>>> print(open('start-v6.cif').read())   # mmCIF, C-alpha atoms and all ligand atoms
data_protein
#
loop_
_atom_site.label_atom_id
_atom_site.label_comp_id
_atom_site.auth_asym_id
_atom_site.auth_seq_id
_atom_site.Cartn_x
_atom_site.Cartn_y
_atom_site.Cartn_z
CA MET U 1 56.66 -36.40 -3.00
CA SER U 2 53.80 -38.82 -3.39
CA LEU U 3 52.36 -39.24 -6.90
CA PRO U 4 49.70 -41.50 -8.40
CA ASN U 5 51.01 -44.26 -10.67
CA GLY U 6 52.37 -42.31 -13.63
CA THR U 7 49.04 -40.75 -14.49
CA LEU U 8 50.12 -37.12 -14.53
CA PRO U 9 50.71 -35.50 -17.91
CA THR U 10 53.74 -33.26 -18.38
CA GLU U 11 51.71 -30.44 -19.92
CA MET U 12 48.42 -28.72 -19.16
CA SER U 13 46.13 -26.10 -20.64
CA TYR U 14 46.00 -22.77 -18.85
CA VAL U 15 44.78 -19.24 -19.46
CA ASP U 16 47.66 -17.14 -20.68
CA LEU U 17 47.51 -13.36 -20.22
CA GLN U 18 49.51 -12.04 -23.15
CA SER U 19 49.79 -8.53 -21.67
CA PRO U 20 47.78 -6.53 -19.14
CA GLY U 21 44.58 -5.09 -20.60
CA GLY U 22 41.19 -6.19 -21.91
CA ALA U 23 39.57 -9.60 -21.58
CA GLU U 24 40.61 -10.42 -25.17
CA ASN U 25 44.25 -10.49 -24.01
CA MET U 26 43.55 -13.87 -22.37
CA MET U 27 43.80 -17.09 -24.38
CA LEU U 28 44.20 -20.80 -23.75
CA ALA U 29 47.81 -21.99 -24.02
CA ARG U 30 49.84 -25.13 -23.20
CA GLY U 31 52.56 -25.19 -20.58
CA ARG U 32 54.23 -27.26 -17.88
CA LEU U 33 52.42 -28.36 -14.75
CA PRO U 34 53.16 -26.16 -11.71
CA GLU U 35 56.00 -27.03 -9.33
CA ILE U 36 54.81 -28.74 -6.13
CA ALA U 37 56.50 -27.04 -3.19
CA PRO U 38 56.85 -28.70 0.22
CA GLY U 39 53.47 -28.55 1.95
CA ASP U 40 51.56 -28.23 -1.34
CA ILE U 41 48.91 -30.47 -2.80
CA LEU U 42 48.48 -30.66 -6.57
CA ILE U 43 44.84 -30.40 -7.64
CA ARG U 44 43.47 -31.56 -11.00
CA VAL U 45 41.12 -28.62 -11.46
CA GLU U 46 37.51 -29.42 -12.35
CA ALA U 47 36.20 -25.88 -11.81
CA PHE U 48 37.55 -22.49 -10.79
CA GLY U 49 35.97 -19.22 -9.71
CA VAL U 50 36.23 -15.82 -11.38
CA ASN U 51 36.66 -12.99 -8.89
CA ARG U 52 36.77 -9.21 -9.18
CA PRO U 53 40.45 -9.17 -8.12
CA ASP U 54 41.17 -11.27 -11.27
CA ILE U 55 39.83 -8.38 -13.37
CA LEU U 56 42.14 -5.97 -11.55
CA GLN U 57 45.12 -8.32 -12.07
CA ARG U 58 44.25 -8.76 -15.76
CA LYS U 59 44.27 -4.99 -16.23
CA GLY U 60 47.67 -4.74 -14.52
CA ASP U 61 46.29 -2.99 -11.41
CA TYR U 62 46.85 -5.86 -8.92
CA PRO U 63 50.15 -7.63 -9.63
CA PRO U 64 50.67 -11.07 -8.06
CA PRO U 65 52.73 -10.99 -4.86
CA PRO U 66 56.37 -12.15 -5.07
CA GLY U 67 56.65 -15.90 -5.60
CA ALA U 68 53.01 -16.38 -6.68
CA SER U 69 52.12 -17.89 -10.05
CA PRO U 70 51.70 -15.27 -12.80
CA ILE U 71 48.66 -17.27 -13.99
CA LEU U 72 45.34 -15.73 -12.90
CA GLY U 73 43.00 -17.51 -10.50
CA LEU U 74 42.47 -17.46 -6.73
CA GLU U 75 40.20 -20.47 -6.10
CA VAL U 76 39.84 -23.98 -7.48
CA ALA U 77 38.00 -27.22 -6.85
CA GLY U 78 38.96 -30.69 -8.02
CA GLU U 79 40.82 -33.84 -7.10
CA VAL U 80 44.11 -34.20 -5.23
CA VAL U 81 46.54 -35.92 -7.63
CA ALA U 82 49.89 -35.43 -5.88
CA LEU U 83 51.17 -34.52 -2.44
CA GLY U 84 54.24 -32.38 -1.80
CA GLU U 85 56.72 -33.30 0.89
CA SER U 86 55.13 -32.94 4.36
CA ALA U 87 51.71 -31.94 2.96
CA ALA U 88 49.26 -33.08 5.60
CA GLY U 89 45.54 -33.55 5.95
CA PHE U 90 44.67 -34.84 2.46
CA SER U 91 45.18 -38.00 0.40
CA ILE U 92 45.33 -38.74 -3.31
CA ALA U 93 41.81 -38.73 -4.85
CA ASP U 94 40.32 -36.47 -2.17
CA LYS U 95 37.88 -33.91 -3.53
CA VAL U 96 38.88 -30.46 -2.29
CA CYS U 97 38.37 -26.78 -2.84
CA ALA U 98 41.15 -24.34 -2.08
CA LEU U 99 42.21 -20.74 -1.86
CA ALA U 100 45.06 -20.48 -4.38
CA ASN U 101 47.87 -17.95 -4.21
CA GLY U 102 47.49 -17.70 -8.01
CA GLY U 103 47.48 -20.19 -10.88
CA GLY U 104 43.83 -21.22 -10.64
CA TYR U 105 42.99 -20.64 -14.33
CA ALA U 106 44.58 -23.97 -15.32
CA GLU U 107 44.03 -27.72 -15.50
CA TYR U 108 46.39 -28.27 -12.55
CA CYS U 109 47.02 -25.98 -9.58
CA ALA U 110 49.43 -26.40 -6.66
CA VAL U 111 48.19 -24.92 -3.38
CA PRO U 112 49.34 -25.14 0.23
CA ALA U 113 47.42 -28.01 1.86
CA THR U 114 46.67 -25.58 4.69
CA GLN U 115 44.44 -23.54 2.32
CA ALA U 116 42.28 -26.48 1.22
CA LEU U 117 38.98 -27.79 2.56
CA PRO U 118 36.84 -30.81 1.66
CA TRP U 119 33.78 -30.35 -0.53
CA PRO U 120 30.76 -29.87 1.72
CA LYS U 121 28.21 -32.71 1.72
CA GLY U 122 26.47 -33.17 -1.61
CA TYR U 123 28.64 -30.60 -3.41
CA ASP U 124 30.14 -30.90 -6.89
CA ALA U 125 33.18 -28.99 -8.19
CA VAL U 126 31.13 -26.04 -9.45
CA LYS U 127 29.50 -25.41 -6.07
CA ALA U 128 32.70 -26.09 -4.14
CA THR U 129 34.84 -23.67 -6.13
CA ALA U 130 32.35 -20.88 -5.45
CA LEU U 131 33.38 -20.95 -1.77
CA PRO U 132 37.02 -20.17 -0.95
CA GLU U 133 37.66 -16.58 -2.08
CA THR U 134 34.46 -15.06 -0.73
CA PHE U 135 34.20 -17.18 2.43
CA PHE U 136 37.84 -16.53 3.44
CA THR U 137 37.36 -12.80 2.75
CA VAL U 138 34.07 -12.44 4.61
CA TRP U 139 35.24 -14.46 7.59
CA ALA U 140 38.48 -12.48 7.90
CA ASN U 141 36.89 -9.05 7.56
CA VAL U 142 33.41 -9.33 9.05
CA PHE U 143 33.87 -11.85 11.87
CA ASP U 144 37.59 -11.78 12.68
CA MET U 145 38.62 -8.14 12.18
CA ALA U 146 35.29 -6.32 12.60
CA GLY U 147 34.05 -8.79 15.23
CA LEU U 148 30.38 -8.95 14.18
CA LYS U 149 28.37 -10.44 17.04
CA ARG U 150 24.94 -12.03 17.42
CA GLY U 151 22.27 -9.36 17.83
CA GLU U 152 24.29 -6.66 16.02
CA THR U 153 23.34 -5.04 12.71
CA ILE U 154 25.53 -5.05 9.59
CA LEU U 155 25.27 -3.08 6.35
CA VAL U 156 26.66 -5.03 3.38
CA HIS U 157 27.49 -2.88 0.36
CA GLY U 158 27.45 -4.65 -3.02
CA GLY U 159 25.00 -7.11 -1.52
CA ALA U 160 24.47 -8.99 -4.79
CA SER U 161 28.19 -9.51 -5.51
CA GLY U 162 29.98 -12.78 -4.83
CA ILE U 163 31.27 -11.27 -1.60
CA GLY U 164 27.93 -9.64 -0.73
CA THR U 165 25.79 -12.77 -1.18
CA THR U 166 28.21 -14.62 1.12
CA ALA U 167 28.29 -11.84 3.73
CA ILE U 168 24.49 -11.54 3.91
CA GLN U 169 24.03 -15.28 4.47
CA LEU U 170 26.83 -15.67 7.02
CA ALA U 171 25.84 -12.58 9.01
CA LYS U 172 22.25 -13.83 9.15
CA ALA U 173 23.32 -17.36 10.05
CA PHE U 174 25.36 -16.03 12.97
CA GLY U 175 22.44 -14.04 14.35
CA ALA U 176 23.01 -10.52 13.00
CA GLU U 177 20.42 -8.31 11.35
CA VAL U 178 21.41 -7.44 7.78
CA LEU U 179 20.87 -4.37 5.62
CA ALA U 180 22.34 -4.37 2.10
CA THR U 181 22.81 -2.07 -0.86
CA ALA U 182 22.61 -3.02 -4.53
CA GLY U 183 22.18 -1.27 -7.87
CA SER U 184 18.91 -2.71 -9.23
CA ALA U 185 15.50 -3.98 -8.13
CA ALA U 186 16.44 -7.54 -9.12
CA LYS U 187 19.63 -7.38 -7.05
CA CYS U 188 17.77 -5.92 -4.08
CA ALA U 189 15.19 -8.72 -4.28
CA ALA U 190 18.02 -11.29 -4.27
CA CYS U 191 19.56 -9.68 -1.18
CA GLU U 192 16.27 -9.90 0.68
CA THR U 193 15.73 -13.54 -0.39
CA LEU U 194 19.16 -14.33 1.03
CA GLY U 195 18.25 -12.85 4.40
CA ALA U 196 18.65 -9.06 4.31
CA LYS U 197 15.89 -7.40 6.30
CA ARG U 198 16.00 -4.42 3.96
CA ALA U 199 17.87 -3.96 0.67
CA ILE U 200 18.53 -0.42 -0.50
CA ASN U 201 18.69 0.43 -4.20
CA TYR U 202 21.43 3.03 -3.94
CA ARG U 203 20.49 4.46 -7.34
CA GLU U 204 17.11 5.51 -5.95
CA GLU U 205 17.71 6.12 -2.24
CA ASP U 206 20.53 7.49 -0.10
CA PHE U 207 21.70 4.48 1.92
CA LYS U 208 22.59 6.66 4.92
CA ASP U 209 19.00 7.96 5.22
CA VAL U 210 17.54 4.46 4.96
CA VAL U 211 20.03 3.01 7.46
CA LEU U 212 19.28 5.69 10.05
CA GLU U 213 15.55 5.28 9.53
CA ALA U 214 15.73 1.47 9.74
CA THR U 215 17.79 1.62 12.96
CA GLU U 216 15.74 4.42 14.56
CA GLY U 217 18.67 6.80 14.29
CA ARG U 218 21.14 4.47 15.98
CA GLY U 219 23.14 3.30 12.94
CA VAL U 220 24.66 -0.10 12.20
CA ASP U 221 27.41 -1.84 14.15
CA VAL U 222 29.44 -3.04 11.17
CA ILE U 223 29.73 -2.03 7.52
CA LEU U 224 31.38 -4.25 4.89
CA ASP U 225 32.38 -1.87 2.11
CA MET U 226 33.83 -2.43 -1.34
CA VAL U 227 33.04 1.03 -2.75
CA GLY U 228 35.59 3.03 -0.75
CA GLY U 229 36.18 6.75 -1.19
CA ARG U 230 32.79 7.75 -2.54
CA TYR U 231 31.03 6.16 0.46
CA PHE U 232 33.47 7.07 3.25
CA GLY U 233 31.66 10.04 4.78
CA ARG U 234 28.21 8.44 4.56
CA ASN U 235 29.59 5.18 5.98
CA LEU U 236 30.87 7.03 9.06
CA ALA U 237 27.50 8.75 9.42
CA SER U 238 25.71 5.37 9.16
CA LEU U 239 27.63 3.70 11.99
CA ALA U 240 26.43 3.36 15.57
CA LYS U 241 28.57 4.11 18.61
CA ASP U 242 31.54 1.69 18.66
CA GLY U 243 30.81 0.86 15.01
CA ARG U 244 33.36 -0.80 12.72
CA LEU U 245 33.94 0.01 9.04
CA SER U 246 35.67 -2.78 7.14
CA ILE U 247 36.92 -1.72 3.69
CA ILE U 248 37.75 -4.49 1.20
CA GLY U 249 37.67 -2.66 -2.13
CA PHE U 250 37.68 0.64 -3.97
CA LEU U 251 35.08 0.18 -6.72
CA GLY U 252 34.05 3.80 -6.12
CA GLY U 253 37.63 5.13 -5.91
CA ALA U 254 40.32 5.18 -3.22
CA ARG U 255 40.32 8.94 -2.62
CA VAL U 256 38.09 10.73 -0.14
CA GLU U 257 37.33 14.19 -1.47
CA ASP U 258 35.12 15.64 1.21
CA ALA U 259 34.03 13.80 4.33
CA ASN U 260 33.22 14.71 7.90
CA ILE U 261 35.49 12.47 9.99
CA ALA U 262 34.27 13.80 13.34
CA PRO U 263 32.09 10.67 13.89
CA ILE U 264 35.29 8.62 14.29
CA LEU U 265 35.87 10.50 17.54
CA THR U 266 32.36 11.19 18.69
CA LYS U 267 31.13 7.62 18.09
CA ARG U 268 34.46 5.88 18.87
CA LEU U 269 34.52 4.20 15.44
CA LYS U 270 37.10 1.79 14.09
CA VAL U 271 38.07 2.03 10.41
CA MET U 272 39.89 -1.01 9.06
CA GLY U 273 40.65 -2.83 5.85
CA SER U 274 42.54 -5.81 4.52
CA ALA U 275 43.47 -7.70 1.37
CA LEU U 276 43.37 -11.50 1.41
CA ARG U 277 46.00 -12.34 -1.17
CA PRO U 278 49.10 -10.86 0.52
CA ARG U 279 48.27 -12.47 3.89
CA THR U 280 50.86 -14.93 5.19
CA ALA U 281 50.46 -18.69 4.91
CA ALA U 282 49.91 -18.86 8.67
CA GLU U 283 47.13 -16.25 8.51
CA LYS U 284 45.40 -18.06 5.63
CA ARG U 285 45.67 -21.34 7.52
CA ALA U 286 44.09 -19.74 10.59
CA ILE U 287 41.15 -18.49 8.50
CA ARG U 288 40.84 -21.95 6.89
CA ASP U 289 40.69 -23.56 10.32
CA GLU U 290 38.03 -21.11 11.53
CA LEU U 291 35.93 -21.79 8.42
CA ALA U 292 36.26 -25.55 8.88
CA ALA U 293 35.09 -25.30 12.48
CA ASN U 294 32.37 -22.66 12.16
CA VAL U 295 31.12 -22.48 8.58
CA TRP U 296 31.59 -25.90 6.94
CA PRO U 297 28.94 -27.42 9.24
CA LEU U 298 26.47 -24.78 7.96
CA LEU U 299 27.35 -25.65 4.35
CA ASP U 300 27.06 -29.40 5.08
CA ALA U 301 23.60 -28.76 6.54
CA GLY U 302 22.54 -26.56 3.60
CA GLU U 303 21.87 -23.57 5.87
CA VAL U 304 24.24 -21.45 3.80
CA ALA U 305 25.08 -22.03 0.12
CA PRO U 306 26.99 -20.18 -2.57
CA VAL U 307 24.92 -18.20 -5.08
CA ILE U 308 26.04 -19.05 -8.61
CA ASP U 309 24.98 -16.75 -11.45
CA ALA U 310 26.70 -18.50 -14.36
CA VAL U 311 28.75 -21.58 -15.18
CA VAL U 312 30.95 -20.95 -18.21
CA PRO U 313 33.12 -23.47 -20.18
CA PHE U 314 36.92 -23.10 -19.85
CA LYS U 315 37.37 -22.02 -23.47
CA GLU U 316 34.94 -19.12 -22.92
CA ILE U 317 36.97 -17.43 -20.19
CA VAL U 318 36.96 -14.14 -22.12
CA ASP U 319 33.13 -14.12 -22.04
CA ALA U 320 33.19 -14.86 -18.30
CA HIS U 321 35.32 -11.78 -17.62
CA ARG U 322 33.04 -9.66 -19.83
CA LEU U 323 30.04 -10.98 -17.93
CA MET U 324 31.61 -9.90 -14.63
CA GLU U 325 32.58 -6.49 -16.01
CA GLY U 326 29.01 -6.04 -17.30
CA GLY U 327 27.97 -6.05 -13.62
CA ASP U 328 24.50 -7.62 -14.01
CA HIS U 329 25.43 -10.90 -12.32
CA ILE U 330 24.12 -11.91 -8.91
CA GLY U 331 26.61 -14.04 -6.97
CA LYS U 332 29.46 -15.99 -8.49
CA ILE U 333 30.71 -16.73 -11.99
CA VAL U 334 32.33 -20.17 -12.22
CA ILE U 335 34.36 -21.85 -14.96
CA ARG U 336 33.84 -25.59 -15.55
CA LEU U 337 36.73 -27.50 -17.12
CA ALA U 338 35.28 -30.89 -17.97
N1 LIG Q 401 40.09 -7.23 0.26
C1 LIG Q 401 39.95 -8.49 -0.06
O1 LIG Q 401 40.56 -9.38 0.52
C2 LIG Q 401 39.01 -8.84 -1.19
C3 LIG Q 401 38.88 -10.20 -1.61
C4 LIG Q 401 37.95 -10.47 -2.63
C5 LIG Q 401 37.24 -9.44 -3.22
N2 LIG Q 401 37.44 -8.17 -2.80
C6 LIG Q 401 36.69 -7.05 -3.38
O2 LIG Q 401 35.32 -7.24 -3.11
C7 LIG Q 401 34.57 -6.64 -4.15
C8 LIG Q 401 33.56 -7.65 -4.67
O3 LIG Q 401 34.24 -8.71 -5.30
P1 LIG Q 401 33.41 -9.84 -6.08
O4 LIG Q 401 34.38 -10.79 -6.64
O5 LIG Q 401 32.32 -10.30 -5.20
O6 LIG Q 401 32.84 -8.93 -7.27
P2 LIG Q 401 31.49 -8.93 -8.12
O7 LIG Q 401 30.69 -10.16 -7.87
O8 LIG Q 401 31.86 -8.58 -9.50
O9 LIG Q 401 30.68 -7.71 -7.50
C9 LIG Q 401 31.02 -6.38 -7.61
C10 LIG Q 401 29.73 -5.58 -7.42
O10 LIG Q 401 30.06 -4.33 -6.85
C11 LIG Q 401 29.05 -3.42 -7.22
N3 LIG Q 401 29.65 -2.13 -7.58
C12 LIG Q 401 29.51 -1.00 -6.89
N4 LIG Q 401 30.17 0.01 -7.44
C13 LIG Q 401 30.78 -0.50 -8.52
C14 LIG Q 401 31.62 0.05 -9.50
N5 LIG Q 401 31.96 1.35 -9.49
N6 LIG Q 401 32.08 -0.76 -10.48
C15 LIG Q 401 31.73 -2.07 -10.51
N7 LIG Q 401 30.93 -2.66 -9.60
C16 LIG Q 401 30.45 -1.88 -8.63
C17 LIG Q 401 28.29 -4.02 -8.38
O11 LIG Q 401 26.98 -4.26 -7.95
P3 LIG Q 401 25.84 -3.12 -8.02
O12 LIG Q 401 25.15 -3.28 -9.33
O13 LIG Q 401 25.00 -3.42 -6.86
O14 LIG Q 401 26.54 -1.79 -7.91
C18 LIG Q 401 29.00 -5.32 -8.68
O15 LIG Q 401 28.10 -6.36 -8.99
C19 LIG Q 401 35.57 -6.14 -5.18
O16 LIG Q 401 35.84 -4.79 -4.93
C20 LIG Q 401 36.80 -6.97 -4.90
O17 LIG Q 401 38.00 -6.36 -5.33
C21 LIG Q 401 38.29 -7.86 -1.80
#
>>> encode(input="start-v6.cif", output="structure tokens", more="lines below")
Ligand SMILES: NC(=O)c1ccc[n+]([C@@H]2O[C@H](COP(=O)([O-])OP(=O)(O)OC[C@H]3O[C@@H](n4cnc5c(N)ncnc54)[C@H](OP(=O)(O)O)[C@@H]3O)[C@@H](O)[C@H]2O)c1
Amino acid sequence: MSLPNGTLPTEMSYVDLQSPGGAENMMLARGRLPEIAPGDILIRVEAFGVNRPDILQRKGDYPPPPGASPILGLEVAGEVVALGESAAGFSIADKVCALANGGGYAEYCAVPATQALPWPKGYDAVKATALPETFFTVWANVFDMAGLKRGETILVHGGASGIGTTAIQLAKAFGAEVLATAGSAAKCAACETLGAKRAINYREEDFKDVVLEATEGRGVDVILDMVGGRYFGRNLASLAKDGRLSIIGFLGGARVEDANIAPILTKRLKVMGSALRPRTAAEKRAIRDELAANVWPLLDAGEVAPVIDAVVPFKEIVDAHRLMEGGDHIGKIVIRLA
């Protein structure tokens, strides 16, 4: 293992989750630095992102997969301070952001080098850490699995979320027409500023009616959905022939009470879903490589950029989770360490 000249401390601060439950169950604690496995890089974390899956894990509804750190946190940005055996592609002092398998809510985080990317041009740690979780998720689900193509139309539910703000921009950048849903006028305005042709306030309008009207009855080619059960029937009705429904969350419940599934047959639909965290190292590496080739140039050029709602100090992590649970944010919530 390659280390800088004796500069690493033996202990670090991290966010300890005393027991599953409310945000107040998290507090800063001291503990050992993470082990650096072969293929890992150790990052001195300058900023990390807060994601909705962290809330689920904190409540005990999304346990870490076997072997992952019990510490919360799925994305970090900072400086490479040590290299595990056979870790390739990065050097000490490189500035990187990375998809973590866990352990991001800490001063040091070990991640597979194959899940790290350089900061785009002109980025700092706060901007860079707002990228991995949502960009990996959107690439995997919208472009890889659902195969969104230039000239197609996509409906992005939760358009003002971290995931939604990323999906709108990437879909637009790759030549798709975008419709989005969101729960307030301010969120709808943000979706349209980011590139949605039409944002639908689902509290005031039925998204299915608006989608069919906006597409002259044809429907959309792809739907990115985080609401789940409550939307299932209307999602099927909103898809065009050969449409693809990509489900990434269940904010509106995982059970479908009453839905007409006939459109799956009559319109030859594909219904799919995936979770990022349990994917294999090889799958995450493949997504990383696709992002490096296709998306990092757009970030370098400033054509696409993360939307950051709030930057919160490390010691105020409880407030950051409450902010996310309040649901008024647009885009990402990021924690700054230094
Ligand atoms: N499958 C995967 O690999 C994967 C990876 C990352 C995230 N996710 C999922 O993607 C979703 C978005 O994640 P994020 O980190 O971008 O979250 P976020 O920024 O907190 O956004 C969630 C948004 O969903 C909307 N929403 C709709 N129904 C809701 C409900 N019943 N409760 C709470 N919010 C509701 C809210 O906006 P409105 O005000 O517009 O309703 C809220 O702002 C989550 O479901 C998360 O679990 C999945």
>>> closest_atom_pairs(input="start-v6.cif", of="chain U", to="ligand LIG 401 (chain Q)", cutoff="7 Å", atoms="all atoms listed in the file", output="CSV")
residue,atom,partner,partner_atom,distance
U:Asn51,CA,Q:LIG401,O4,3.9
U:Arg52,CA,Q:LIG401,O4,3.8
U:Pro53,CA,Q:LIG401,O17,4.7
U:Glu133,CA,Q:LIG401,C4,6.1
U:Thr134,CA,Q:LIG401,C4,6.1
U:Thr137,CA,Q:LIG401,O1,5.2
U:Gly158,CA,Q:LIG401,O10,4.6
U:Gly159,CA,Q:LIG401,O13,6.5
U:Ala160,CA,Q:LIG401,O13,6.0
U:Ser161,CA,Q:LIG401,O7,3.5
U:Gly162,CA,Q:LIG401,O5,3.4
U:Ile163,CA,Q:LIG401,O5,3.9
U:Gly164,CA,Q:LIG401,O5,6.3
U:Thr181,CA,Q:LIG401,O13,6.5
U:Ala182,CA,Q:LIG401,O13,3.4
U:Gly183,CA,Q:LIG401,O13,3.7
U:Ser184,CA,Q:LIG401,O12,6.3
U:Lys187,CA,Q:LIG401,O13,6.7
U:Met226,CA,Q:LIG401,O16,4.7
U:Val227,CA,Q:LIG401,N4,5.6
U:Ile248,CA,Q:LIG401,N1,3.7
U:Gly249,CA,Q:LIG401,O16,4.0
U:Phe250,CA,Q:LIG401,O16,5.8
U:Leu251,CA,Q:LIG401,N5,4.3
U:Gly252,CA,Q:LIG401,N5,4.7
U:Ser274,CA,Q:LIG401,N1,5.1
U:Ala275,CA,Q:LIG401,O1,3.5
U:Leu276,CA,Q:LIG401,O1,3.6
U:Arg277,CA,Q:LIG401,O1,6.4
U:Met324,CA,Q:LIG401,O8,5.3
U:Glu325,CA,Q:LIG401,O8,6.9
U:Gly327,CA,Q:LIG401,O15,4.6
U:Asp328,CA,Q:LIG401,O15,6.3
U:His329,CA,Q:LIG401,O15,6.2
U:Ile330,CA,Q:LIG401,O15,6.8
U:Gly331,CA,Q:LIG401,O7,5.7
U:Lys332,CA,Q:LIG401,O7,6.0
>>> closest_atom_pairs(input="start-v6.cif", of="range 58-160 of chain U", to="range 16-38 of chain U", cutoff="6 Å", atoms="all atoms listed in the file", output="CSV")
residue,atom,partner,partner_atom,distance
U:Arg58,CA,U:Pro20,CA,5.4
U:Lys59,CA,U:Gly21,CA,4.4
U:Gly60,CA,U:Pro20,CA,5.0
U:Gly84,CA,U:Pro38,CA,4.9
U:Glu85,CA,U:Pro38,CA,4.7
U:Ala110,CA,U:Ile36,CA,5.9
>>> residues_around(input="start-v6.cif", residues="Ser69 in chain U", least_positions_apart="4", cutoff="10 Å", atoms="all atoms listed in the file", output="MDAnalysis selection string")
chainID U and resid 34:35 64:65 73 100:104 109:110
>>> residues_around(input="start-v6.cif", residues="Thr166 in chain U", least_positions_apart="6", cutoff="8 Å", atoms="all atoms listed in the file", output="number ranges by chain")
U: 134-135, 138, 306-307
>>> atom_distance(input="start-v6.cif", atom1="CA of Trp139 in chain U", atom2="CA of Ala214 in chain U")
25.3 Å
>>> decode(input="start-v6.cif", residues="range 168-173 of chain U", atoms="all heavy atoms", output="PDB file, in the first residue's frame")
ATOM      1  N   ILE U 168     -33.405  15.477 -15.788  1.00  0.00           N
ATOM      2  CA  ILE U 168     -33.902  16.478 -16.744  1.00  0.00           C
ATOM      3  C   ILE U 168     -32.748  16.991 -17.599  1.00  0.00           C
ATOM      4  O   ILE U 168     -32.818  17.036 -18.836  1.00  0.00           O
ATOM      5  CB  ILE U 168     -34.571  17.664 -16.004  1.00  0.00           C
ATOM      6  CG1 ILE U 168     -35.876  17.214 -15.344  1.00  0.00           C
ATOM      7  CG2 ILE U 168     -34.837  18.831 -16.970  1.00  0.00           C
ATOM      8  CD1 ILE U 168     -36.487  18.250 -14.402  1.00  0.00           C
ATOM      9  N   GLN U 169     -31.654  17.373 -16.934  1.00  0.00           N
ATOM     10  CA  GLN U 169     -30.525  17.961 -17.678  1.00  0.00           C
ATOM     11  C   GLN U 169     -29.881  16.960 -18.633  1.00  0.00           C
ATOM     12  O   GLN U 169     -29.555  17.298 -19.771  1.00  0.00           O
ATOM     13  CB  GLN U 169     -29.468  18.454 -16.704  1.00  0.00           C
ATOM     14  CG  GLN U 169     -29.903  19.654 -15.892  1.00  0.00           C
ATOM     15  CD  GLN U 169     -28.739  20.147 -15.062  1.00  0.00           C
ATOM     16  OE1 GLN U 169     -27.840  20.815 -15.560  1.00  0.00           O
ATOM     17  NE2 GLN U 169     -28.743  19.796 -13.791  1.00  0.00           N
ATOM     18  N   LEU U 170     -29.674  15.722 -18.160  1.00  0.00           N
ATOM     19  CA  LEU U 170     -29.002  14.743 -19.025  1.00  0.00           C
ATOM     20  C   LEU U 170     -29.894  14.357 -20.201  1.00  0.00           C
ATOM     21  O   LEU U 170     -29.424  14.238 -21.338  1.00  0.00           O
ATOM     22  CB  LEU U 170     -28.590  13.500 -18.231  1.00  0.00           C
ATOM     23  CG  LEU U 170     -27.372  13.672 -17.320  1.00  0.00           C
ATOM     24  CD1 LEU U 170     -27.025  12.355 -16.637  1.00  0.00           C
ATOM     25  CD2 LEU U 170     -26.159  14.172 -18.110  1.00  0.00           C
ATOM     26  N   ALA U 171     -31.180  14.157 -19.942  1.00  0.00           N
ATOM     27  CA  ALA U 171     -32.083  13.782 -21.031  1.00  0.00           C
ATOM     28  C   ALA U 171     -32.094  14.884 -22.091  1.00  0.00           C
ATOM     29  O   ALA U 171     -32.007  14.623 -23.298  1.00  0.00           O
ATOM     30  CB  ALA U 171     -33.489  13.535 -20.485  1.00  0.00           C
ATOM     31  N   LYS U 172     -32.176  16.126 -21.641  1.00  0.00           N
ATOM     32  CA  LYS U 172     -32.160  17.259 -22.582  1.00  0.00           C
ATOM     33  C   LYS U 172     -30.831  17.308 -23.346  1.00  0.00           C
ATOM     34  O   LYS U 172     -30.802  17.475 -24.576  1.00  0.00           O
ATOM     35  CB  LYS U 172     -32.377  18.552 -21.783  1.00  0.00           C
ATOM     36  CG  LYS U 172     -32.418  19.819 -22.588  1.00  0.00           C
ATOM     37  CD  LYS U 172     -33.834  20.159 -22.945  1.00  0.00           C
ATOM     38  CE  LYS U 172     -34.004  21.151 -24.066  1.00  0.00           C
ATOM     39  NZ  LYS U 172     -33.584  22.468 -23.915  1.00  0.00           N
ATOM     40  N   ALA U 173     -29.742  17.145 -22.615  1.00  0.00           N
ATOM     41  CA  ALA U 173     -28.415  17.235 -23.244  1.00  0.00           C
ATOM     42  C   ALA U 173     -28.232  16.159 -24.311  1.00  0.00           C
ATOM     43  O   ALA U 173     -27.508  16.375 -25.281  1.00  0.00           O
ATOM     44  CB  ALA U 173     -27.323  17.114 -22.185  1.00  0.00           C
TER      45      ALA U 173
END
